[in-house]
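Content type mmCIF, C-alpha atoms and all ligand atoms, from the file structure.cif:
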data_target
#
loop_
_atom_site.group_PDB
_atom_site.id
_atom_site.type_symbol
_atom_site.label_atom_id
_atom_site.label_comp_id
_atom_site.auth_asym_id
_atom_site.auth_seq_id
_atom_site.Cartn_x
_atom_site.Cartn_y
_atom_site.Cartn_z
ATOM 1 C CA MET C 1 25.594 76.931 -27.319
ATOM 2 C CA GLY C 2 28.614 78.856 -28.417
ATOM 3 C CA SER C 3 31.381 76.310 -27.885
ATOM 4 C CA MET C 4 33.939 75.120 -30.437
ATOM 5 C CA THR C 5 32.443 71.637 -30.746
ATOM 6 C CA GLN C 6 29.035 71.668 -32.380
ATOM 7 C CA SER C 7 26.318 71.513 -29.733
ATOM 8 C CA CYS C 8 23.737 68.793 -30.071
ATOM 9 C CA ALA C 9 19.985 69.042 -29.707
ATOM 10 C CA VAL C 10 17.718 66.073 -29.043
ATOM 11 C CA VAL C 11 14.136 66.201 -30.326
ATOM 12 C CA THR C 12 11.742 63.442 -29.254
ATOM 13 C CA GLY C 13 9.156 62.546 -31.863
ATOM 14 C CA GLY C 14 11.425 64.368 -34.315
ATOM 15 C CA GLY C 15 10.657 62.216 -37.347
ATOM 16 C CA ARG C 16 7.361 63.725 -38.470
ATOM 17 C CA ASN C 17 5.227 66.846 -38.446
ATOM 18 C CA ILE C 18 5.889 69.352 -35.634
ATOM 19 C CA GLY C 19 8.865 67.461 -34.183
ATOM 20 C CA GLN C 20 10.516 67.210 -37.568
ATOM 21 C CA ALA C 21 9.954 70.916 -38.236
ATOM 22 C CA ILE C 22 11.594 71.672 -34.872
ATOM 23 C CA ALA C 23 14.518 69.373 -35.704
ATOM 24 C CA LEU C 24 15.059 71.013 -39.098
ATOM 25 C CA ARG C 25 14.847 74.488 -37.617
ATOM 26 C CA LEU C 26 17.415 73.654 -34.922
ATOM 27 C CA GLN C 27 19.723 72.341 -37.659
ATOM 28 C CA GLN C 28 19.377 75.708 -39.413
ATOM 29 C CA ASP C 29 20.160 77.371 -36.082
ATOM 30 C CA GLY C 30 23.477 75.485 -35.947
ATOM 31 C CA TYR C 31 22.731 72.488 -33.769
ATOM 32 C CA ARG C 32 23.610 68.921 -34.690
ATOM 33 C CA VAL C 33 20.183 67.328 -34.201
ATOM 34 C CA ILE C 34 19.366 63.872 -32.911
ATOM 35 C CA ALA C 35 15.754 63.031 -33.779
ATOM 36 C CA LEU C 36 14.247 60.207 -31.750
ATOM 37 C CA ASP C 37 11.210 58.551 -33.241
ATOM 38 C CA ILE C 38 9.509 55.243 -33.766
ATOM 39 C CA VAL C 39 9.817 55.837 -37.522
ATOM 40 C CA GLU C 40 12.740 57.021 -39.633
ATOM 41 C CA PRO C 41 12.607 60.789 -40.280
ATOM 42 C CA GLU C 42 11.265 61.857 -43.662
ATOM 43 C CA ALA C 43 13.949 64.534 -44.047
ATOM 44 C CA ASP C 44 17.299 63.321 -45.436
ATOM 45 C CA SER C 45 19.288 65.709 -43.250
ATOM 46 C CA LEU C 46 17.966 64.060 -40.077
ATOM 47 C CA ARG C 47 18.513 60.395 -40.970
ATOM 48 C CA ALA C 48 22.196 59.857 -40.162
ATOM 49 C CA ASP C 49 21.921 60.971 -36.529
ATOM 50 C CA ALA C 50 18.363 59.756 -35.850
ATOM 51 C CA ARG C 51 17.601 56.984 -33.374
ATOM 52 C CA ILE C 52 14.639 54.715 -34.107
ATOM 53 C CA VAL C 53 13.130 53.778 -30.746
ATOM 54 C CA ASP C 54 9.787 53.136 -29.087
ATOM 55 C CA LEU C 55 9.920 55.767 -26.357
ATOM 56 C CA SER C 56 6.936 54.236 -24.567
ATOM 57 C CA ASP C 57 9.216 51.303 -23.679
ATOM 58 C CA ARG C 58 10.948 52.438 -20.474
ATOM 59 C CA ALA C 59 14.058 50.278 -20.850
ATOM 60 C CA ALA C 60 14.507 51.234 -24.499
ATOM 61 C CA ALA C 61 14.071 54.916 -23.686
ATOM 62 C CA GLU C 62 16.557 54.801 -20.810
ATOM 63 C CA ALA C 63 19.061 52.970 -23.000
ATOM 64 C CA VAL C 64 18.881 55.398 -25.909
ATOM 65 C CA PHE C 65 19.218 58.493 -23.718
ATOM 66 C CA ALA C 66 22.130 56.924 -21.818
ATOM 67 C CA GLU C 67 23.864 56.150 -25.113
ATOM 68 C CA ILE C 68 23.364 59.728 -26.356
ATOM 69 C CA ALA C 69 24.454 61.239 -23.026
ATOM 70 C CA GLY C 70 27.651 59.196 -23.142
ATOM 71 C CA ALA C 71 28.489 60.111 -26.717
ATOM 72 C CA LEU C 72 27.374 63.633 -27.567
ATOM 73 C CA PRO C 73 27.651 67.182 -26.141
ATOM 74 C CA VAL C 74 23.899 67.747 -25.829
ATOM 75 C CA THR C 75 22.897 71.236 -24.688
ATOM 76 C CA CYS C 76 19.321 71.263 -25.921
ATOM 77 C CA LEU C 77 16.394 68.908 -25.329
ATOM 78 C CA VAL C 78 12.975 69.308 -26.908
ATOM 79 C CA ASN C 79 10.349 67.067 -25.320
ATOM 80 C CA ASN C 80 7.990 66.992 -28.261
ATOM 81 C CA VAL C 81 6.695 63.432 -28.434
ATOM 82 C CA GLY C 82 3.028 63.211 -27.553
ATOM 83 C CA ILE C 83 -0.107 61.267 -28.340
ATOM 84 C CA VAL C 84 -3.785 61.997 -27.827
ATOM 85 C CA ALA C 85 -6.604 59.673 -26.742
ATOM 86 C CA PRO C 86 -9.688 61.729 -27.541
ATOM 87 C CA ALA C 87 -12.683 60.737 -25.417
ATOM 88 C CA SER C 88 -15.571 62.558 -23.808
ATOM 89 C CA PHE C 89 -15.624 62.383 -20.022
ATOM 90 C CA ASP C 90 -18.024 59.429 -19.987
ATOM 91 C CA GLU C 91 -15.955 57.503 -22.498
ATOM 92 C CA VAL C 92 -12.536 57.906 -20.852
ATOM 93 C CA ASP C 93 -10.764 54.540 -20.781
ATOM 94 C CA ILE C 94 -8.536 54.212 -17.713
ATOM 95 C CA GLY C 95 -6.602 51.670 -19.749
ATOM 96 C CA ASP C 96 -5.219 54.595 -21.791
ATOM 97 C CA PHE C 97 -3.858 56.385 -18.712
ATOM 98 C CA ASP C 98 -0.485 54.609 -18.510
ATOM 99 C CA ARG C 99 0.000 54.726 -22.277
ATOM 100 C CA LEU C 100 -0.370 58.511 -22.420
ATOM 101 C CA MET C 101 1.432 59.277 -19.165
ATOM 102 C CA HIS C 102 4.324 57.020 -20.076
ATOM 103 C CA LEU C 103 4.944 58.373 -23.552
ATOM 104 C CA ASN C 104 4.097 62.033 -22.997
ATOM 105 C CA VAL C 105 5.393 62.595 -19.456
ATOM 106 C CA ARG C 106 7.732 59.784 -18.429
ATOM 107 C CA THR C 107 9.789 60.172 -21.613
ATOM 108 C CA ALA C 108 10.441 63.832 -20.743
ATOM 109 C CA ILE C 109 11.668 62.859 -17.276
ATOM 110 C CA ILE C 110 13.881 60.020 -18.546
ATOM 111 C CA ALA C 111 15.371 62.337 -21.165
ATOM 112 C CA ALA C 112 16.038 65.176 -18.748
ATOM 113 C CA LYS C 113 17.528 62.861 -16.103
ATOM 114 C CA ALA C 114 20.013 61.562 -18.676
ATOM 115 C CA LEU C 115 20.849 64.847 -20.416
ATOM 116 C CA VAL C 116 20.884 67.467 -17.639
ATOM 117 C CA PRO C 117 24.247 66.165 -16.308
ATOM 118 C CA VAL C 118 25.674 66.627 -19.819
ATOM 119 C CA MET C 119 24.292 70.174 -19.975
ATOM 120 C CA ARG C 120 25.754 70.950 -16.551
ATOM 121 C CA ARG C 121 29.202 69.870 -17.748
ATOM 122 C CA SER C 122 28.831 72.225 -20.745
ATOM 123 C CA GLY C 123 27.909 75.116 -18.472
ATOM 124 C CA GLY C 124 24.236 75.295 -19.382
ATOM 125 C CA GLY C 125 21.466 74.193 -21.647
ATOM 126 C CA ARG C 126 17.934 74.514 -22.908
ATOM 127 C CA ILE C 127 14.906 72.325 -22.282
ATOM 128 C CA VAL C 128 11.654 72.977 -24.122
ATOM 129 C CA MET C 129 8.410 71.101 -23.608
ATOM 130 C CA ASN C 130 5.868 70.958 -26.400
ATOM 131 C CA THR C 131 2.654 71.121 -24.396
ATOM 132 C CA SER C 132 -0.678 72.366 -25.767
ATOM 133 C CA ARG C 133 -3.412 74.900 -25.248
ATOM 134 C CA VAL C 134 -5.401 71.981 -23.741
ATOM 135 C CA THR C 135 -3.784 72.963 -20.433
ATOM 136 C CA LEU C 136 -6.428 75.726 -20.429
ATOM 137 C CA GLY C 137 -9.187 73.153 -21.017
ATOM 138 C CA LYS C 138 -10.558 71.464 -24.102
ATOM 139 C CA GLN C 139 -13.490 69.106 -24.511
ATOM 140 C CA ALA C 140 -12.750 65.371 -24.929
ATOM 141 C CA ARG C 141 -9.152 65.654 -23.703
ATOM 142 C CA THR C 142 -9.185 64.314 -20.112
ATOM 143 C CA LEU C 143 -6.044 62.163 -20.287
ATOM 144 C CA TYR C 144 -4.219 64.291 -22.845
ATOM 145 C CA SER C 145 -4.742 67.491 -20.846
ATOM 146 C CA ALA C 146 -3.570 65.664 -17.716
ATOM 147 C CA THR C 147 -0.279 64.809 -19.454
ATOM 148 C CA LYS C 148 0.255 68.290 -20.843
ATOM 149 C CA GLY C 149 -0.578 69.934 -17.508
ATOM 150 C CA ALA C 150 1.939 67.625 -15.880
ATOM 151 C CA MET C 151 4.616 68.669 -18.365
ATOM 152 C CA GLN C 152 3.847 72.332 -17.877
ATOM 153 C CA SER C 153 4.063 72.272 -14.092
ATOM 154 C CA MET C 154 7.151 70.044 -14.245
ATOM 155 C CA ALA C 155 8.808 72.673 -16.446
ATOM 156 C CA ARG C 156 8.239 75.310 -13.778
ATOM 157 C CA THR C 157 9.691 73.043 -11.103
ATOM 158 C CA TRP C 158 12.758 72.272 -13.216
ATOM 159 C CA ALA C 159 13.164 75.974 -14.054
ATOM 160 C CA LEU C 160 13.570 76.636 -10.333
ATOM 161 C CA GLU C 161 15.912 73.724 -9.727
ATOM 162 C CA LEU C 162 18.134 74.020 -12.802
ATOM 163 C CA GLY C 163 18.393 77.788 -13.216
ATOM 164 C CA LYS C 164 21.594 77.990 -11.201
ATOM 165 C CA ASP C 165 23.184 75.550 -13.682
ATOM 166 C CA GLY C 166 22.386 77.821 -16.622
ATOM 167 C CA ILE C 167 19.655 75.509 -17.825
ATOM 168 C CA THR C 168 16.376 77.133 -18.857
ATOM 169 C CA VAL C 169 13.129 75.193 -19.066
ATOM 170 C CA ASN C 170 10.182 76.566 -21.013
ATOM 171 C CA CYS C 171 7.011 75.401 -22.755
ATOM 172 C CA VAL C 172 5.594 76.046 -26.161
ATOM 173 C CA ALA C 173 1.838 75.463 -26.105
ATOM 174 C CA PRO C 174 0.428 75.124 -29.613
ATOM 175 C CA GLY C 175 -3.162 75.772 -30.544
ATOM 176 C CA PRO C 176 -4.585 74.146 -33.693
ATOM 177 C CA ILE C 177 -1.708 73.081 -35.982
ATOM 178 C CA GLY C 178 -2.751 71.417 -39.240
ATOM 179 C CA THR C 179 -0.851 68.132 -38.886
ATOM 180 C CA THR C 180 -2.151 64.642 -39.656
ATOM 181 C CA ALA C 181 -2.512 64.103 -35.887
ATOM 182 C CA PHE C 182 -4.702 67.210 -35.618
ATOM 183 C CA TRP C 183 -7.068 66.086 -38.379
ATOM 184 C CA LYS C 184 -7.203 62.553 -36.929
ATOM 185 C CA ASN C 185 -8.202 63.822 -33.471
ATOM 186 C CA ASN C 186 -10.477 66.644 -34.650
ATOM 187 C CA ALA C 187 -12.914 65.245 -37.211
ATOM 188 C CA PRO C 188 -12.797 67.573 -40.257
ATOM 189 C CA ASP C 189 -16.559 67.175 -40.768
ATOM 190 C CA SER C 190 -17.559 68.075 -37.194
ATOM 191 C CA ASP C 191 -19.161 71.427 -36.378
ATOM 192 C CA TYR C 192 -16.838 71.732 -33.376
ATOM 193 C CA THR C 193 -13.697 71.468 -35.516
ATOM 194 C CA MET C 194 -14.917 73.805 -38.231
ATOM 195 C CA ASP C 195 -16.104 76.392 -35.677
ATOM 196 C CA LEU C 196 -12.705 76.169 -34.029
ATOM 197 C CA VAL C 197 -10.790 76.660 -37.270
ATOM 198 C CA ARG C 198 -13.098 79.497 -38.381
ATOM 199 C CA SER C 199 -12.702 81.281 -35.061
ATOM 200 C CA ILE C 200 -8.877 81.487 -35.069
ATOM 201 C CA PRO C 201 -8.189 85.235 -34.678
ATOM 202 C CA VAL C 202 -5.310 85.347 -37.180
ATOM 203 C CA GLY C 203 -7.550 83.709 -39.770
ATOM 204 C CA ARG C 204 -5.647 80.497 -40.456
ATOM 205 C CA ILE C 205 -4.669 77.208 -38.876
ATOM 206 C CA GLY C 206 -1.086 76.979 -37.585
ATOM 207 C CA THR C 207 1.863 75.236 -39.233
ATOM 208 C CA ALA C 208 4.587 73.059 -37.761
ATOM 209 C CA GLU C 209 7.026 75.857 -38.634
ATOM 210 C CA ASP C 210 5.039 78.301 -36.476
ATOM 211 C CA VAL C 211 5.742 76.034 -33.504
ATOM 212 C CA ALA C 212 9.378 75.467 -34.506
ATOM 213 C CA ASN C 213 9.992 79.221 -34.591
ATOM 214 C CA ALA C 214 8.902 79.571 -30.962
ATOM 215 C CA VAL C 215 10.990 76.569 -29.894
ATOM 216 C CA SER C 216 13.974 78.121 -31.665
ATOM 217 C CA PHE C 217 13.640 81.273 -29.562
ATOM 218 C CA PHE C 218 13.755 79.321 -26.296
ATOM 219 C CA CYS C 219 16.729 77.236 -27.542
ATOM 220 C CA ASP C 220 18.785 80.288 -28.482
ATOM 221 C CA SER C 221 21.887 80.882 -26.357
ATOM 222 C CA ARG C 222 20.714 84.511 -25.979
ATOM 223 C CA SER C 223 17.453 83.457 -24.281
ATOM 224 C CA GLY C 224 19.098 82.665 -20.950
ATOM 225 C CA PHE C 225 17.006 85.124 -18.920
ATOM 226 C CA VAL C 226 13.735 83.440 -19.911
ATOM 227 C CA THR C 227 12.757 80.380 -17.891
ATOM 228 C CA GLY C 228 9.670 78.692 -16.510
ATOM 229 C CA GLN C 229 7.498 80.335 -19.165
ATOM 230 C CA THR C 230 4.796 79.102 -21.499
ATOM 231 C CA LEU C 231 4.380 80.653 -24.926
ATOM 232 C CA PHE C 232 1.049 79.941 -26.606
ATOM 233 C CA VAL C 233 1.490 79.534 -30.347
ATOM 234 C CA CYS C 234 -2.193 79.535 -31.092
ATOM 235 C CA GLY C 235 -3.137 82.216 -33.607
ATOM 236 C CA GLY C 236 -4.847 84.037 -30.751
ATOM 237 C CA VAL C 237 -7.393 81.347 -29.817
ATOM 238 C CA THR C 238 -6.389 81.483 -26.142
ATOM 239 C CA VAL C 239 -7.209 85.198 -25.982
ATOM 240 C CA GLY C 240 -10.729 86.180 -24.980
HETATM 241 N N1 LIG C 301 -1.111 69.137 -34.028
HETATM 242 C C1 LIG C 301 -1.587 69.979 -33.124
HETATM 243 O O1 LIG C 301 -2.540 70.709 -33.395
HETATM 244 C C2 LIG C 301 -0.957 70.067 -31.761
HETATM 245 C C3 LIG C 301 -1.478 71.022 -30.885
HETATM 246 C C4 LIG C 301 -0.918 71.135 -29.614
HETATM 247 C C5 LIG C 301 0.122 70.313 -29.236
HETATM 248 N N2 LIG C 301 0.620 69.385 -30.101
HETATM 249 C C6 LIG C 301 1.721 68.545 -29.623
HETATM 250 O O2 LIG C 301 2.806 68.598 -30.515
HETATM 251 C C7 LIG C 301 3.523 67.362 -30.486
HETATM 252 C C8 LIG C 301 3.659 66.822 -31.903
HETATM 253 O O3 LIG C 301 2.371 66.738 -32.460
HETATM 254 P P1 LIG C 301 2.094 66.358 -33.986
HETATM 255 O O4 LIG C 301 0.787 66.962 -34.343
HETATM 256 O O5 LIG C 301 3.305 66.664 -34.799
HETATM 257 O O6 LIG C 301 1.846 64.789 -33.782
HETATM 258 P P2 LIG C 301 2.395 63.538 -34.628
HETATM 259 O O7 LIG C 301 1.607 62.368 -34.127
HETATM 260 O O8 LIG C 301 2.362 63.837 -36.057
HETATM 261 O O9 LIG C 301 3.877 63.470 -34.165
HETATM 262 C C9 LIG C 301 4.314 62.757 -33.068
HETATM 263 C C10 LIG C 301 5.636 62.125 -33.419
HETATM 264 O O10 LIG C 301 5.955 61.221 -32.371
HETATM 265 C C11 LIG C 301 6.286 59.961 -32.918
HETATM 266 N N3 LIG C 301 5.923 58.899 -31.988
HETATM 267 C C12 LIG C 301 4.679 58.462 -31.687
HETATM 268 N N4 LIG C 301 4.740 57.439 -30.802
HETATM 269 C C13 LIG C 301 6.055 57.245 -30.540
HETATM 270 C C14 LIG C 301 6.763 56.327 -29.705
HETATM 271 N N5 LIG C 301 6.119 55.402 -28.971
HETATM 272 N N6 LIG C 301 8.108 56.400 -29.668
HETATM 273 C C15 LIG C 301 8.766 57.312 -30.404
HETATM 274 N N7 LIG C 301 8.159 58.200 -31.217
HETATM 275 C C16 LIG C 301 6.811 58.166 -31.284
HETATM 276 C C17 LIG C 301 5.480 59.878 -34.205
HETATM 277 O O11 LIG C 301 6.039 58.916 -35.103
HETATM 278 C C18 LIG C 301 5.578 61.304 -34.716
HETATM 279 O O12 LIG C 301 6.745 61.519 -35.479
HETATM 280 C C19 LIG C 301 2.730 66.444 -29.550
HETATM 281 O O13 LIG C 301 3.291 66.449 -28.274
HETATM 282 C C20 LIG C 301 1.369 67.088 -29.530
HETATM 283 O O14 LIG C 301 0.694 66.795 -28.334
HETATM 284 C C21 LIG C 301 0.096 69.246 -31.359
#

Could you show the structure in this file as C-alpha cells?
Amino acid sequence: MGSMTQSCAVVTGGGRNIGQAIALRLQQDGYRVIALDIVEPEADSLRADARIVDLSDRAAAEAVFAEIAGALPVTCLVNNVGIVAPASFDEVDIGDFDRLMHLNVRTAIIAAKALVPVMRRSGGGRIVMNTSRVTLGKQARTLYSATKGAMQSMARTWALELGKDGITVNCVAPGPIGTTAFWKNNAPDSDYTMDLVRSIPVGRIGTAEDVANAVSFFCDSRSGFVTGQTLFVCGGVTVG
C-alpha cells in the first residue's frame, strides 16, 4: 500500500477458480501475491511465490502463516478458502462440522493473527473475507451458512478492533458464480439450480473476475474509509 518495497497480498485458496482470479487481479493491482492452496496454482505468474499447504491442518496452517509473516511485508489478506457440504436439514452430518469450521473459519483467524502484526508495522492493511449470499439463507446449506455467517460477523468485530491501526476488514458475498465448485454443489439438471440461474436479474451467472473486481476495490489503498461492510456480488439475486 504505497510504500517503496512492493506490498504483499496473501490469498487463501488462491490456486483455482475465484481465489486464483483474485490473486491475478491483485498482481495487476501491483501486489506481490502469495497464493496458498492445497494444489499448485494453474497460472504461471503465481507459482514462484505460492505455498502448497493443507490449510485444514492447524499446525501446517500456523507454520505457513508464521513463515510468511516473518519474511514478507504483507498488507493484504484475502480469506477466500472455503468448502461446502451440501445437505438438507435432515441429512446434515455433524461429522462435517469440524471440517467446514476448521477450513473456512479457523484458517481466517490463524491467518489474521499472524498477519495483522505485520500490517500494523506497515501502518495499515486490508482484510477481505470471501463469504457468500448464503448468509441470507439458502436451502441445503446448514453448515456452510454457519461458517460464512461466522466469517461475516467476525469481520465486523475485527473492523471495530483494527480500525485504529489503519486496517479495514470487509466481506465480498458472491451469489452464483459459475465455477466447478458451484456446478458440483448445485446439480446442473435440478429444477432448483436452473430456476436460480434463470432468475438472476442481470441475466447471467457470475464469473470469478466479477468477484475479484469487488475484492480489488476493498484492497485498494484509497478504500480506507470503508470497513465492516459486505458487498453482495450476486447479479441482483439478493434484491427482492
Ligand atoms: N462458486 C460460487 O458460486 C461461490 C458463491 C459464493 C461464495 N463462494 C466462495 O468463494 C470461495 C472460492 O470458491 P470457488 O467456487 O472458487 O471454490 P473452489 O473449490 O474452486 O476453490 C477453493 C480453493 O481452495 C482450495 N482448497 C480446498 N481445500 C483446501 C485446503 N484444505 N487447503 C488449502 N486449499 C484448499 C482449492 O484447491 C481451491 O483452489 C469459497 O470460499 C466459496 O465458499 C463461491

Any chance you could work out the residue set of the PyMOL selection byres (((not hetatm)) within 6 of (chain C and resi 301)) here, as number ranges by chain? C: 13-19, 37-39, 53-56, 80-83, 130-132, 174-182

Using only C-alpha atoms for the distances, tell me which of C:Leu46, C:Leu77, C:Val239, C:Ala212 is nearest to C:Arg25.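 For C:Arg25, the nearest of the given residues is C:Ala212.
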
Expanded to explicit residues, what is the PyMOL selection byres (((chain C and resi 168) around 10) and not hetatm) for this file, as a list in words? Cys76, Gly124, Gly125, Arg126, Ile127, Val128, Ala155, Arg156, Trp158, Ala159, Leu160, Glu161, Leu162, Gly163, Lys164, Asp165, Gly166, Ile167, Val169, Asn170, Phe218, Cys219, Ser223, Gly224, Phe225, Val226, Thr227, Gly228 and Gln229 of chain C

Export of prior selection with C-alpha atoms as a JSON list (two decimals), in the frame of the given file:
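What ended up in part-v3.json:
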[["chain", "number", "residue", "atom", "x", "y", "z"],
["C", 76, "CYS", "CA", 19.32, 71.26, -25.92],
["C", 124, "GLY", "CA", 24.24, 75.30, -19.38],
["C", 125, "GLY", "CA", 21.47, 74.19, -21.65],
["C", 126, "ARG", "CA", 17.93, 74.51, -22.91],
["C", 127, "ILE", "CA", 14.91, 72.32, -22.28],
["C", 128, "VAL", "CA", 11.65, 72.98, -24.12],
["C", 155, "ALA", "CA", 8.81, 72.67, -16.45],
["C", 156, "ARG", "CA", 8.24, 75.31, -13.78],
["C", 158, "TRP", "CA", 12.76, 72.27, -13.22],
["C", 159, "ALA", "CA", 13.16, 75.97, -14.05],
["C", 160, "LEU", "CA", 13.57, 76.64, -10.33],
["C", 161, "GLU", "CA", 15.91, 73.72, -9.73],
["C", 162, "LEU", "CA", 18.13, 74.02, -12.80],
["C", 163, "GLY", "CA", 18.39, 77.79, -13.22],
["C", 164, "LYS", "CA", 21.59, 77.99, -11.20],
["C", 165, "ASP", "CA", 23.18, 75.55, -13.68],
["C", 166, "GLY", "CA", 22.39, 77.82, -16.62],
["C", 167, "ILE", "CA", 19.66, 75.51, -17.82],
["C", 169, "VAL", "CA", 13.13, 75.19, -19.07],
["C", 170, "ASN", "CA", 10.18, 76.57, -21.01],
["C", 218, "PHE", "CA", 13.76, 79.32, -26.30],
["C", 219, "CYS", "CA", 16.73, 77.24, -27.54],
["C", 223, "SER", "CA", 17.45, 83.46, -24.28],
["C", 224, "GLY", "CA", 19.10, 82.66, -20.95],
["C", 225, "PHE", "CA", 17.01, 85.12, -18.92],
["C", 226, "VAL", "CA", 13.74, 83.44, -19.91],
["C", 227, "THR", "CA", 12.76, 80.38, -17.89],
["C", 228, "GLY", "CA", 9.67, 78.69, -16.51],
["C", 229, "GLN", "CA", 7.50, 80.33, -19.16]]

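Straight-line separation from atom CA of C:Ile68 to atom CA of C:Pro41: 17.6 Å.
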
Pick out the closest residue to C:Phe97 from this set: C:Ala43, C:Val33, C:Ala146, C:Asp191. Count all atoms listed in the file. C:Ala146

If you measure from atom CA of C:Asp44 to atom CA of C:Asn79, what distance in Å do you get, rounded to one decimal?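 Value for the atom CA of C:Asp44-atom CA of C:Asn79 distance: 21.6 Å.
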
With all atoms listed in the file as the counted atoms, please give the residues lying no more than 12 Å from C:Val197, apart from itself and same-chain residues fewer than 5 positions off, as an NGL selection string. :C and (175-178 or 182-183 or 186-192 or 202-206 or 234-237)

Tell me which residues come within 10 Å of (25.8, 62.6, -27.0), as an NGL selection string, counting only C-alpha atoms in the file's coordinates. :C and (7-10 or 34 or 65-75 or 115 or 118)

Limited to C-alpha atoms, could you put the picked residues into a file as a short mmCIF file (atom, residue, chain, number, x, y, z; two decimals), keeping the file's coordinate frame?
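Printed below is out_27.cif as written:
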data_model
loop_
_atom_site.label_atom_id
_atom_site.label_comp_id
_atom_site.auth_asym_id
_atom_site.auth_seq_id
_atom_site.Cartn_x
_atom_site.Cartn_y
_atom_site.Cartn_z
CA SER C 7 26.32 71.51 -29.73
CA CYS C 8 23.74 68.79 -30.07
CA ALA C 9 19.98 69.04 -29.71
CA VAL C 10 17.72 66.07 -29.04
CA ILE C 34 19.37 63.87 -32.91
CA PHE C 65 19.22 58.49 -23.72
CA ALA C 66 22.13 56.92 -21.82
CA GLU C 67 23.86 56.15 -25.11
CA ILE C 68 23.36 59.73 -26.36
CA ALA C 69 24.45 61.24 -23.03
CA GLY C 70 27.65 59.20 -23.14
CA ALA C 71 28.49 60.11 -26.72
CA LEU C 72 27.37 63.63 -27.57
CA PRO C 73 27.65 67.18 -26.14
CA VAL C 74 23.90 67.75 -25.83
CA THR C 75 22.90 71.24 -24.69
CA LEU C 115 20.85 64.85 -20.42
CA VAL C 118 25.67 66.63 -19.82
#

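In this structure, atom CA of C:Ala35 sits 28.7 Å away from atom CA of C:Gly95.
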
Which of these residues is nearest to C:Arg141, using only C-alpha atoms: C:Asp96, C:His102, C:Ala87, C:Thr193? C:Ala87

Which one of C:Ser88, C:Thr230, C:Ser153, C:Thr147 sits closest to C:Thr107 if you count only C-alpha atoms?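 Closest to C:Thr107, using only C-alpha atoms: C:Thr147.
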
Would you kindly identify which residues have an atom no farther than 10 Å from (9.7, 80.1, -29.7), using all atoms listed in the file and the file's own coordinates, and write them out as JSON, numbers by chain? {"C": [128, 170, 171, 172, 173, 210, 211, 212, 213, 214, 215, 216, 217, 218, 219, 220, 230, 231, 232, 233]}

Given the PyMOL selection byres (((chain C and resi 86) around 10) and not hetatm), the residues it picks as a PDB file with C-alpha atoms, in the coordinates of the input:
ATOM      1  CA  ILE C  83      -0.107  61.267 -28.340  1.00  0.00           C
ATOM      2  CA  VAL C  84      -3.785  61.997 -27.827  1.00  0.00           C
ATOM      3  CA  ALA C  85      -6.604  59.673 -26.742  1.00  0.00           C
ATOM      4  CA  ALA C  87     -12.683  60.737 -25.417  1.00  0.00           C
ATOM      5  CA  SER C  88     -15.571  62.558 -23.808  1.00  0.00           C
ATOM      6  CA  PHE C  89     -15.624  62.383 -20.022  1.00  0.00           C
ATOM      7  CA  GLU C  91     -15.955  57.503 -22.498  1.00  0.00           C
ATOM      8  CA  VAL C  92     -12.536  57.906 -20.852  1.00  0.00           C
ATOM      9  CA  ASP C  93     -10.764  54.540 -20.781  1.00  0.00           C
ATOM     10  CA  GLN C 139     -13.490  69.106 -24.511  1.00  0.00           C
ATOM     11  CA  ALA C 140     -12.750  65.371 -24.929  1.00  0.00           C
ATOM     12  CA  ARG C 141      -9.152  65.654 -23.703  1.00  0.00           C
ATOM     13  CA  THR C 142      -9.185  64.314 -20.112  1.00  0.00           C
ATOM     14  CA  LEU C 143      -6.044  62.163 -20.287  1.00  0.00           C
ATOM     15  CA  TYR C 144      -4.219  64.291 -22.845  1.00  0.00           C
ATOM     16  CA  LYS C 184      -7.203  62.553 -36.929  1.00  0.00           C
ATOM     17  CA  ASN C 185      -8.202  63.822 -33.471  1.00  0.00           C
ATOM     18  CA  ASN C 186     -10.477  66.644 -34.650  1.00  0.00           C
TER      19      ASN C 186
END

Some atoms are missing, so please complete stretch 230-239 of chain C with N, CA and C atoms and return it as a short mmCIF file (atom, residue, chain, number, x, y, z; two decimals), in the frame of the given file.
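File selection-v4.cif, as written:
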data_model
loop_
_atom_site.label_atom_id
_atom_site.label_comp_id
_atom_site.auth_asym_id
_atom_site.auth_seq_id
_atom_site.Cartn_x
_atom_site.Cartn_y
_atom_site.Cartn_z
N THR C 230 5.56 79.79 -20.46
CA THR C 230 4.80 79.10 -21.50
C THR C 230 4.41 80.12 -22.57
N LEU C 231 4.75 79.79 -23.80
CA LEU C 231 4.38 80.65 -24.93
C LEU C 231 3.31 79.94 -25.74
N PHE C 232 2.13 80.51 -25.80
CA PHE C 232 1.05 79.94 -26.61
C PHE C 232 1.27 80.33 -28.07
N VAL C 233 1.33 79.31 -28.90
CA VAL C 233 1.49 79.53 -30.35
C VAL C 233 0.17 79.07 -30.95
N CYS C 234 -0.80 79.97 -30.95
CA CYS C 234 -2.19 79.54 -31.09
C CYS C 234 -3.02 80.42 -32.00
N GLY C 235 -2.37 81.33 -32.72
CA GLY C 235 -3.14 82.22 -33.61
C GLY C 235 -4.13 83.10 -32.87
N GLY C 236 -3.96 83.18 -31.55
CA GLY C 236 -4.85 84.04 -30.75
C GLY C 236 -6.03 83.32 -30.14
N VAL C 237 -6.18 82.01 -30.34
CA VAL C 237 -7.39 81.35 -29.82
C VAL C 237 -7.46 81.33 -28.28
N THR C 238 -6.33 81.51 -27.61
CA THR C 238 -6.39 81.48 -26.14
C THR C 238 -6.73 82.86 -25.57
N VAL C 239 -6.93 83.85 -26.45
CA VAL C 239 -7.21 85.20 -25.98
C VAL C 239 -8.71 85.46 -26.06
#
